[in-house]
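Visitor: Okay, here's the structure, questions in a sec.
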Amino acid sequence: MAAPGPAAVDARYTNLVAWGRQQGLQASDIRRNGEMWLTNQSLALGFKADSQSMTFDGVEHRLTLPVRRSPGGLQVAVRDVQTTLSPLLRPPQRPGSRPVRVVAINAGHGGKDPGNTEGRRQEKHYTLLVAGELRRHLERAGLQVVVVRPSDTFVSLEDRPAKAARARADLYVSLHFNAFDGPGSGEVAGVETYCLTPAGASSTNDSGNHGGSWHAGNRFDRDNVLLAHHVHRAIKDGTDLNDRGVRRARFKELTLLQMPGVLVEGGYMTHPQDAASIYSPAGRAALARGIADGVLAYKRLVERKP
Ligand SMILES: [Zn+2]
């Protein structure tokens with residue numbers, strides 16, 4: 001066995017304090033629990049040693065690799081800098097002549113595919129109701145909307161992004177509700193906003209993983225995370241749902257997108273409080289309004305003048 005070399009440098013990681021300094025962010029000391037904060041006048045980013053969870057401006061994001069301790073402080077994966085931190089801190093801009101005009105909404109499941117089922121409650125029914133609400137909000141804000149599953153019919157996962165592309169949609173929002181029946185299911189509640197896992201990285205959950213390779217949707221990695229952040233934040237601000245964070249997954253719909261997109265899991269049908277919200281018009285209205293606010297916040301950001 002070869003002797004270990006001098007302090008191995010892992011090129012996959014970069015020092016958080018130094019990176020923060022380059023971005024004009026001041027680093028706190030590392031707290032006893034392993035937390036460190038990078039801040040400027042308007043923004044706080046929280047990191048924790050050995051954790052894949054990061055806080056950006058009050059929203060939890062799941063990184064693709066855990067933050068690590070090193071003699072110089074905490075280290076973060078270069079890929080997470082490139083695909084999460086940097087696009088959130090320095091949002092991409094659309095070319096000036098191309099505003100966000102058309103939004104595709106997918107009501108998850110439909111027809112022979114009910115999605116999650118709790119007693120007589122079927123996910124497909126509630127995603128369709130929220131899609132209608134969301135459509136009204138976005139149209140009122142002057143956007144064009146195409147609902148890629150507008151009635152209780154089955155549309156394949158491949159056809160949904162294709163319909164969005166044919167409608168020349170600028171963004172794609174997919175609506176789902178979650179369920180968890182395992183041990184401790186009474187504790188699992190809240191909203192998760194997913195965007196496509198960056199190429200080569202591993203997803204937050206194992207499910208929905210369609211290989212570590214590059215997908216069409218990865219062309220929009222920077223916009224995907226920015227859209228997810230603002231949609232998630234607005235849902236969090238506008239509803240009583242628990243914050244389960246912005247997460248990464250290779251859900252088939254997201255892999256096939258020809259435009260930036262997100263998938264919202266707007267609560268757990270298996271949790272009494274979430275279920276009450278999902279099954280009530282007021283709860284669905286708040287969710288739809290949150291998503292619309294997030295889409296509009298993203299639109300304002302990427303359309304800003306240089
Ligand atoms: Zn679903």
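Letters for chains follow the order of the structure tokens (A, B, ...), residue numbers begin at 1 for each chain, and ligand numbers begin at 1 in the order shown.
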Could you produce a table of the residues of chain A lying within 6 Å of ligand 1, with the nearest pair of atoms per residue and their separation in Å rounded to one decimal, using only C-alpha atoms and all ligand atoms, ordered by chain and increasing residue number, as a Markdown table?

Guide:
```
| residue | atom | partner | partner_atom_place_in_ligand_line | distance |
| --- | --- | --- | --- | --- |
| A:Gly108 | CA | ligand 1 | 1 (Zn) | 5.4 |
| A:Gly115 | CA | ligand 1 | 1 (Zn) | 5.2 |
| A:His176 | CA | ligand 1 | 1 (Zn) | 4.3 |
| A:Phe177 | CA | ligand 1 | 1 (Zn) | 5.4 |
```

Visitor: Please report as CSV every residue of stretch 143-261 of chain A lying within 10 Å of stretch 60-67 of chain A, along with the nearest atom pair and their distance in Å (one decimal), using only C-alpha atoms.

Guide:
```
residue,atom,partner,partner_atom,distance
A:Glu192,CA,A:Glu60,CA,9.9
A:Thr193,CA,A:His61,CA,9.5
A:Tyr194,CA,A:His61,CA,10.0
A:Thr197,CA,A:Thr64,CA,8.2
A:Pro198,CA,A:Thr64,CA,8.6
A:Gly200,CA,A:Thr64,CA,9.8
A:Ala201,CA,A:Thr64,CA,6.2
A:Ser202,CA,A:Thr64,CA,6.0
A:Ser203,CA,A:Thr64,CA,6.8
A:Thr204,CA,A:Arg62,CA,6.7
A:Val225,CA,A:His61,CA,9.4
A:Ala228,CA,A:His61,CA,9.7
A:His229,CA,A:His61,CA,8.1
A:His232,CA,A:Glu60,CA,9.2
A:Arg233,CA,A:Glu60,CA,9.2
A:Asp243,CA,A:Glu60,CA,7.5
A:Arg244,CA,A:Glu60,CA,7.3
A:Gly245,CA,A:Glu60,CA,4.6
A:Val246,CA,A:His61,CA,4.7
A:Arg247,CA,A:Arg62,CA,5.4
A:Arg248,CA,A:Arg62,CA,7.3
```

Visitor: Please return as a list in words: the residues of stretch 164-230 of chain A that backbone DSSP assigns to alpha helix (DSSP H).

Guide: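 Secondary structure check on stretch 164-230 of chain A, alpha helix (DSSP H): Ala164, Ala165, Arg166, Asp221, Arg222, Asp223, Asn224, Val225, Leu226, Leu227, Ala228, His229 and His230 of chain A.
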
Visitor: Report the residues of stretch 52-287 of chain A whose backbone DSSP state falls under strand (DSSP E), written as a PyMOL selection string.

Guide: chain A and resi 53-56+59-62+68-70+73-77+102-107+117-118+121-122+144-147+171-178+191-196+243-249+261-268

Visitor: Would you pick out the contacts of A:Gly24 at 12 Å or less, using only C-alpha atoms, so that residues sharing its chain but fewer than 4 positions from it are not included, and give the list as a VMD selection string?

Guide: chain A and resid 17 to 20 38 to 44 89

Visitor: Output N, CA and C atoms for every residue in the selection just made, as a PDB file, in the first residue's frame.

Guide:
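Result written to out_18.pdb:
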```
ATOM      1  N   VAL A  17     -15.104  29.761   2.985  1.00  0.00           N
ATOM      2  CA  VAL A  17     -14.751  31.127   3.416  1.00  0.00           C
ATOM      3  C   VAL A  17     -14.159  31.898   2.241  1.00  0.00           C
ATOM      4  N   ALA A  18     -13.256  31.242   1.517  1.00  0.00           N
ATOM      5  CA  ALA A  18     -12.618  31.903   0.373  1.00  0.00           C
ATOM      6  C   ALA A  18     -13.634  32.172  -0.735  1.00  0.00           C
ATOM      7  N   TRP A  19     -14.490  31.201  -0.993  1.00  0.00           N
ATOM      8  CA  TRP A  19     -15.515  31.412  -2.017  1.00  0.00           C
ATOM      9  C   TRP A  19     -16.426  32.566  -1.614  1.00  0.00           C
ATOM     10  N   GLY A  20     -16.827  32.576  -0.345  1.00  0.00           N
ATOM     11  CA  GLY A  20     -17.702  33.637   0.150  1.00  0.00           C
ATOM     12  C   GLY A  20     -17.055  35.004  -0.023  1.00  0.00           C
ATOM     13  N   LEU A  38     -22.590  32.534   5.894  1.00  0.00           N
ATOM     14  CA  LEU A  38     -22.009  33.561   5.025  1.00  0.00           C
ATOM     15  C   LEU A  38     -23.085  34.630   4.848  1.00  0.00           C
ATOM     16  N   THR A  39     -22.714  35.874   5.111  1.00  0.00           N
ATOM     17  CA  THR A  39     -23.736  36.923   5.065  1.00  0.00           C
ATOM     18  C   THR A  39     -23.232  38.179   4.375  1.00  0.00           C
ATOM     19  N   ASN A  40     -24.164  38.923   3.794  1.00  0.00           N
ATOM     20  CA  ASN A  40     -23.928  40.318   3.448  1.00  0.00           C
ATOM     21  C   ASN A  40     -25.128  41.097   3.959  1.00  0.00           C
ATOM     22  N   GLN A  41     -25.321  42.334   3.500  1.00  0.00           N
ATOM     23  CA  GLN A  41     -26.376  43.162   4.097  1.00  0.00           C
ATOM     24  C   GLN A  41     -27.765  42.574   3.905  1.00  0.00           C
ATOM     25  N   SER A  42     -27.964  41.832   2.835  1.00  0.00           N
ATOM     26  CA  SER A  42     -29.332  41.412   2.527  1.00  0.00           C
ATOM     27  C   SER A  42     -29.533  39.902   2.540  1.00  0.00           C
ATOM     28  N   LEU A  43     -28.477  39.148   2.718  1.00  0.00           N
ATOM     29  CA  LEU A  43     -28.561  37.721   2.432  1.00  0.00           C
ATOM     30  C   LEU A  43     -27.823  36.908   3.486  1.00  0.00           C
ATOM     31  N   ALA A  44     -28.360  35.731   3.822  1.00  0.00           N
ATOM     32  CA  ALA A  44     -27.659  34.814   4.717  1.00  0.00           C
ATOM     33  C   ALA A  44     -27.686  33.412   4.130  1.00  0.00           C
ATOM     34  N   LEU A  89     -27.080  33.136  -6.395  1.00  0.00           N
ATOM     35  CA  LEU A  89     -26.429  34.397  -6.036  1.00  0.00           C
ATOM     36  C   LEU A  89     -26.341  35.331  -7.238  1.00  0.00           C
TER      37      LEU A  89
END
```

Visitor: Please provide as a JSON list (two decimals) with N, CA and C atoms, in the first residue's frame all residues within 9 Å of stretch 90-95 of chain A, with the sequence filter that same-chain residues fewer than 5 positions apart are discarded (counting only C-alpha atoms).

Guide:
```json
[["chain", "number", "residue", "atom", "x", "y", "z"],
["A", 85, "LEU", "N", -25.29, 27.31, -5.69],
["A", 85, "LEU", "CA", -24.95, 28.59, -5.04],
["A", 85, "LEU", "C", -24.81, 29.72, -6.05],
["A", 100, "VAL", "N", -40.46, 35.97, -20.39],
["A", 100, "VAL", "CA", -41.22, 34.76, -20.07],
["A", 100, "VAL", "C", -42.68, 35.05, -20.39],
["A", 222, "ARG", "N", -29.15, 26.04, -14.38],
["A", 222, "ARG", "CA", -29.08, 27.29, -13.60],
["A", 222, "ARG", "C", -30.47, 27.87, -13.39],
["A", 223, "ASP", "N", -31.27, 27.85, -14.45],
["A", 223, "ASP", "CA", -32.63, 28.38, -14.33],
["A", 223, "ASP", "C", -33.52, 27.45, -13.49],
["A", 226, "LEU", "N", -33.02, 28.20, -9.84],
["A", 226, "LEU", "CA", -33.52, 29.54, -9.51],
["A", 226, "LEU", "C", -35.05, 29.55, -9.46],
["A", 301, "LEU", "N", -36.82, 38.47, -12.12],
["A", 301, "LEU", "CA", -35.36, 38.36, -11.98],
["A", 301, "LEU", "C", -34.66, 38.15, -13.31],
["A", 302, "VAL", "N", -35.16, 37.19, -14.08],
["A", 302, "VAL", "CA", -34.43, 36.83, -15.31],
["A", 302, "VAL", "C", -34.68, 37.86, -16.42],
["A", 303, "GLU", "N", -35.72, 38.68, -16.26],
["A", 303, "GLU", "CA", -35.99, 39.71, -17.28],
["A", 303, "GLU", "C", -35.38, 41.04, -16.92],
["A", 304, "ARG", "N", -34.65, 41.09, -15.77],
["A", 304, "ARG", "CA", -34.10, 42.38, -15.34],
["A", 304, "ARG", "C", -33.12, 42.91, -16.39],
["A", 305, "LYS", "N", -33.04, 44.22, -16.41],
["A", 305, "LYS", "CA", -32.09, 44.87, -17.35],
["A", 305, "LYS", "C", -30.67, 44.71, -16.83],
["A", 306, "PRO", "N", -29.73, 44.53, -17.73],
["A", 306, "PRO", "CA", -28.34, 44.35, -17.28],
["A", 306, "PRO", "C", -27.83, 45.57, -16.48]]
```

Visitor: Looking at A:Leu263, A:Leu241, A:Ala167, A:Leu128, which one is nearest to A:Asp152, with distances taken over only C-alpha atoms?

Guide: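 Closest residue, counting only C-alpha atoms: A:Leu128.
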
Visitor: Give me the residues within 9 Å of A:Ala288 as a VMD selection string, counting only C-alpha atoms and dropping any in the same chain fewer than 6 places off.

Guide: chain A and resid 130 to 135 137 235

Visitor: Using only C-alpha atoms, which of A:Ala49, A:Ala276, A:Leu143, A:Ala107 sits nearest A:Arg31?

Guide: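 Comparing A:Ala49, A:Ala276, A:Leu143, A:Ala107 against A:Arg31, the winner is A:Ala49.
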
Visitor: So what do you get for atom CA of A:Ala292 versus atom CA of A:His215, distance-wise?

Guide: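 Atom-to-atom, atom CA of A:Ala292 and atom CA of A:His215 are spaced 26.5 Å apart.
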
Visitor: Return the single residue from A:Val231, A:Val103, A:Ala275, A:Val173 that is closest to A:Leu138, with distances computed using only C-alpha atoms.

Guide: A:Val103

Visitor: Quick one: of A:Pro87, A:Gly73, A:Pro161, A:Gly283, who's nearest to A:Ala216, counting only C-alpha atoms?

Guide: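 Going through A:Pro87, A:Gly73, A:Pro161, A:Gly283 one by one, the smallest distance to A:Ala216 is for A:Pro161.
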
Visitor: Measuring between only C-alpha atoms, which one of A:Ala165, A:Ala179, A:Met269, A:Ile291 shows the shortest distance to A:Tyr126?

Guide: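 Distance minimum relative to A:Tyr126 lands on A:Met269.
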
Visitor: Taking 3 positions as the minimum chain separation for residues in the same chain, which residues sit within 9 Å of A:Trp37 when counting only C-alpha atoms? Answer as number ranges by chain.

Guide: A: 26-30, 44-48

Visitor: Store the residues picked out above in a file with all heavy atoms, as a PDB file, in the first residue's frame.

Guide:
```
ATOM      1  N   GLN A  26     -19.409  37.620   4.103  1.00  0.00           N
ATOM      2  CA  GLN A  26     -18.564  37.499   5.288  1.00  0.00           C
ATOM      3  C   GLN A  26     -18.876  36.185   5.996  1.00  0.00           C
ATOM      4  O   GLN A  26     -20.042  35.860   6.223  1.00  0.00           O
ATOM      5  CB  GLN A  26     -18.896  38.673   6.199  1.00  0.00           C
ATOM      6  CG  GLN A  26     -18.245  38.619   7.546  1.00  0.00           C
ATOM      7  CD  GLN A  26     -17.288  39.783   7.720  1.00  0.00           C
ATOM      8  OE1 GLN A  26     -17.532  40.867   7.203  1.00  0.00           O
ATOM      9  NE2 GLN A  26     -16.193  39.530   8.429  1.00  0.00           N
ATOM     10  N   ALA A  27     -17.833  35.458   6.392  1.00  0.00           N
ATOM     11  CA  ALA A  27     -18.041  34.161   7.044  1.00  0.00           C
ATOM     12  C   ALA A  27     -18.078  34.313   8.558  1.00  0.00           C
ATOM     13  O   ALA A  27     -17.285  35.047   9.140  1.00  0.00           O
ATOM     14  CB  ALA A  27     -16.930  33.201   6.645  1.00  0.00           C
ATOM     15  N   SER A  28     -19.001  33.615   9.193  1.00  0.00           N
ATOM     16  CA  SER A  28     -19.032  33.540  10.659  1.00  0.00           C
ATOM     17  C   SER A  28     -18.002  32.512  11.106  1.00  0.00           C
ATOM     18  O   SER A  28     -17.449  31.768  10.290  1.00  0.00           O
ATOM     19  CB  SER A  28     -20.420  33.099  11.126  1.00  0.00           C
ATOM     20  OG  SER A  28     -20.610  31.714  10.851  1.00  0.00           O
ATOM     21  N   ASP A  29     -17.752  32.448  12.404  1.00  0.00           N
ATOM     22  CA  ASP A  29     -16.980  31.320  12.927  1.00  0.00           C
ATOM     23  C   ASP A  29     -17.818  30.060  12.779  1.00  0.00           C
ATOM     24  O   ASP A  29     -19.035  30.139  12.640  1.00  0.00           O
ATOM     25  CB  ASP A  29     -16.663  31.536  14.414  1.00  0.00           C
ATOM     26  CG  ASP A  29     -15.652  32.662  14.596  1.00  0.00           C
ATOM     27  OD1 ASP A  29     -14.880  32.922  13.636  1.00  0.00           O
ATOM     28  OD2 ASP A  29     -15.652  33.282  15.678  1.00  0.00           O
ATOM     29  N   ILE A  30     -17.152  28.915  12.840  1.00  0.00           N
ATOM     30  CA  ILE A  30     -17.901  27.661  12.824  1.00  0.00           C
ATOM     31  C   ILE A  30     -18.416  27.409  14.237  1.00  0.00           C
ATOM     32  O   ILE A  30     -17.645  27.423  15.194  1.00  0.00           O
ATOM     33  CB  ILE A  30     -17.020  26.484  12.370  1.00  0.00           C
ATOM     34  CG1 ILE A  30     -16.491  26.766  10.963  1.00  0.00           C
ATOM     35  CG2 ILE A  30     -17.810  25.183  12.398  1.00  0.00           C
ATOM     36  CD1 ILE A  30     -15.532  25.723  10.447  1.00  0.00           C
ATOM     37  N   ALA A  44     -28.360  35.731   3.822  1.00  0.00           N
ATOM     38  CA  ALA A  44     -27.659  34.814   4.717  1.00  0.00           C
ATOM     39  C   ALA A  44     -27.686  33.412   4.130  1.00  0.00           C
ATOM     40  O   ALA A  44     -28.740  32.923   3.710  1.00  0.00           O
ATOM     41  CB  ALA A  44     -28.310  34.814   6.096  1.00  0.00           C
ATOM     42  N   LEU A  45     -26.508  32.795   4.064  1.00  0.00           N
ATOM     43  CA  LEU A  45     -26.383  31.420   3.584  1.00  0.00           C
ATOM     44  C   LEU A  45     -25.858  30.577   4.743  1.00  0.00           C
ATOM     45  O   LEU A  45     -24.803  30.881   5.306  1.00  0.00           O
ATOM     46  CB  LEU A  45     -25.382  31.318   2.432  1.00  0.00           C
ATOM     47  CG  LEU A  45     -25.774  31.780   1.040  1.00  0.00           C
ATOM     48  CD1 LEU A  45     -26.033  33.273   0.993  1.00  0.00           C
ATOM     49  CD2 LEU A  45     -24.681  31.411   0.045  1.00  0.00           C
ATOM     50  N   GLY A  46     -26.583  29.525   5.098  1.00  0.00           N
ATOM     51  CA  GLY A  46     -26.171  28.689   6.216  1.00  0.00           C
ATOM     52  C   GLY A  46     -25.691  27.322   5.756  1.00  0.00           C
ATOM     53  O   GLY A  46     -26.318  26.694   4.900  1.00  0.00           O
ATOM     54  N   PHE A  47     -24.579  26.879   6.321  1.00  0.00           N
ATOM     55  CA  PHE A  47     -24.010  25.565   5.982  1.00  0.00           C
ATOM     56  C   PHE A  47     -23.744  24.808   7.264  1.00  0.00           C
ATOM     57  O   PHE A  47     -23.560  25.404   8.322  1.00  0.00           O
ATOM     58  CB  PHE A  47     -22.692  25.732   5.215  1.00  0.00           C
ATOM     59  CG  PHE A  47     -22.837  26.485   3.930  1.00  0.00           C
ATOM     60  CD1 PHE A  47     -22.760  27.880   3.925  1.00  0.00           C
ATOM     61  CD2 PHE A  47     -23.074  25.823   2.740  1.00  0.00           C
ATOM     62  CE1 PHE A  47     -22.910  28.592   2.743  1.00  0.00           C
ATOM     63  CE2 PHE A  47     -23.220  26.527   1.553  1.00  0.00           C
ATOM     64  CZ  PHE A  47     -23.133  27.916   1.557  1.00  0.00           C
ATOM     65  N   LYS A  48     -23.666  23.488   7.158  1.00  0.00           N
ATOM     66  CA  LYS A  48     -23.369  22.687   8.336  1.00  0.00           C
ATOM     67  C   LYS A  48     -22.461  21.537   7.949  1.00  0.00           C
ATOM     68  O   LYS A  48     -22.716  20.857   6.941  1.00  0.00           O
ATOM     69  CB  LYS A  48     -24.672  22.156   8.934  1.00  0.00           C
ATOM     70  CG  LYS A  48     -24.497  21.594  10.310  1.00  0.00           C
ATOM     71  CD  LYS A  48     -25.842  21.272  10.936  1.00  0.00           C
ATOM     72  CE  LYS A  48     -25.596  20.701  12.320  1.00  0.00           C
ATOM     73  NZ  LYS A  48     -26.827  20.275  12.956  1.00  0.00           N
TER      74      LYS A  48
END
```

Visitor: Find the distance between atom CA of A:Thr55 and atom CA of A:Leu227 and write it in Å to one decimal.

Guide: 16.0 Å

Visitor: Kindly indicate which residue among A:Lys112, A:Arg121, A:His271, A:Arg21 lies nearest to A:Asp181, using only C-alpha atoms for the distances.

Guide: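 Comparing A:Lys112, A:Arg121, A:His271, A:Arg21 against A:Asp181, the winner is A:His271.
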
Visitor: Residues within 9 Å of A:Asn224, please, as a VMD selection string. Count only C-alpha atoms; anything in the same chain fewer than 4 positions from it doesn't count.

Guide: chain A and resid 194 to 196 217 to 218 220 228 to 229 259 to 262

Visitor: Those residues with C-alpha atoms, as a PDB file, in the first residue's frame please?

Guide:
```
ATOM      1  CA  TYR A 194     -37.884  19.465  -7.135  1.00  0.00           C
ATOM      2  CA  CYS A 195     -35.644  20.472  -9.977  1.00  0.00           C
ATOM      3  CA  LEU A 196     -33.616  18.187 -12.199  1.00  0.00           C
ATOM      4  CA  GLY A 217     -33.427  19.299 -19.079  1.00  0.00           C
ATOM      5  CA  ASN A 218     -29.841  19.762 -17.839  1.00  0.00           C
ATOM      6  CA  PHE A 220     -31.391  24.691 -17.914  1.00  0.00           C
ATOM      7  CA  ALA A 228     -37.360  26.094  -7.793  1.00  0.00           C
ATOM      8  CA  HIS A 229     -35.984  28.460  -5.164  1.00  0.00           C
ATOM      9  CA  MET A 259     -37.406  24.712 -21.018  1.00  0.00           C
ATOM     10  CA  PRO A 260     -36.675  25.396 -17.339  1.00  0.00           C
ATOM     11  CA  GLY A 261     -39.064  23.564 -15.029  1.00  0.00           C
ATOM     12  CA  VAL A 262     -39.926  22.394 -11.538  1.00  0.00           C
TER      13      VAL A 262
END
```
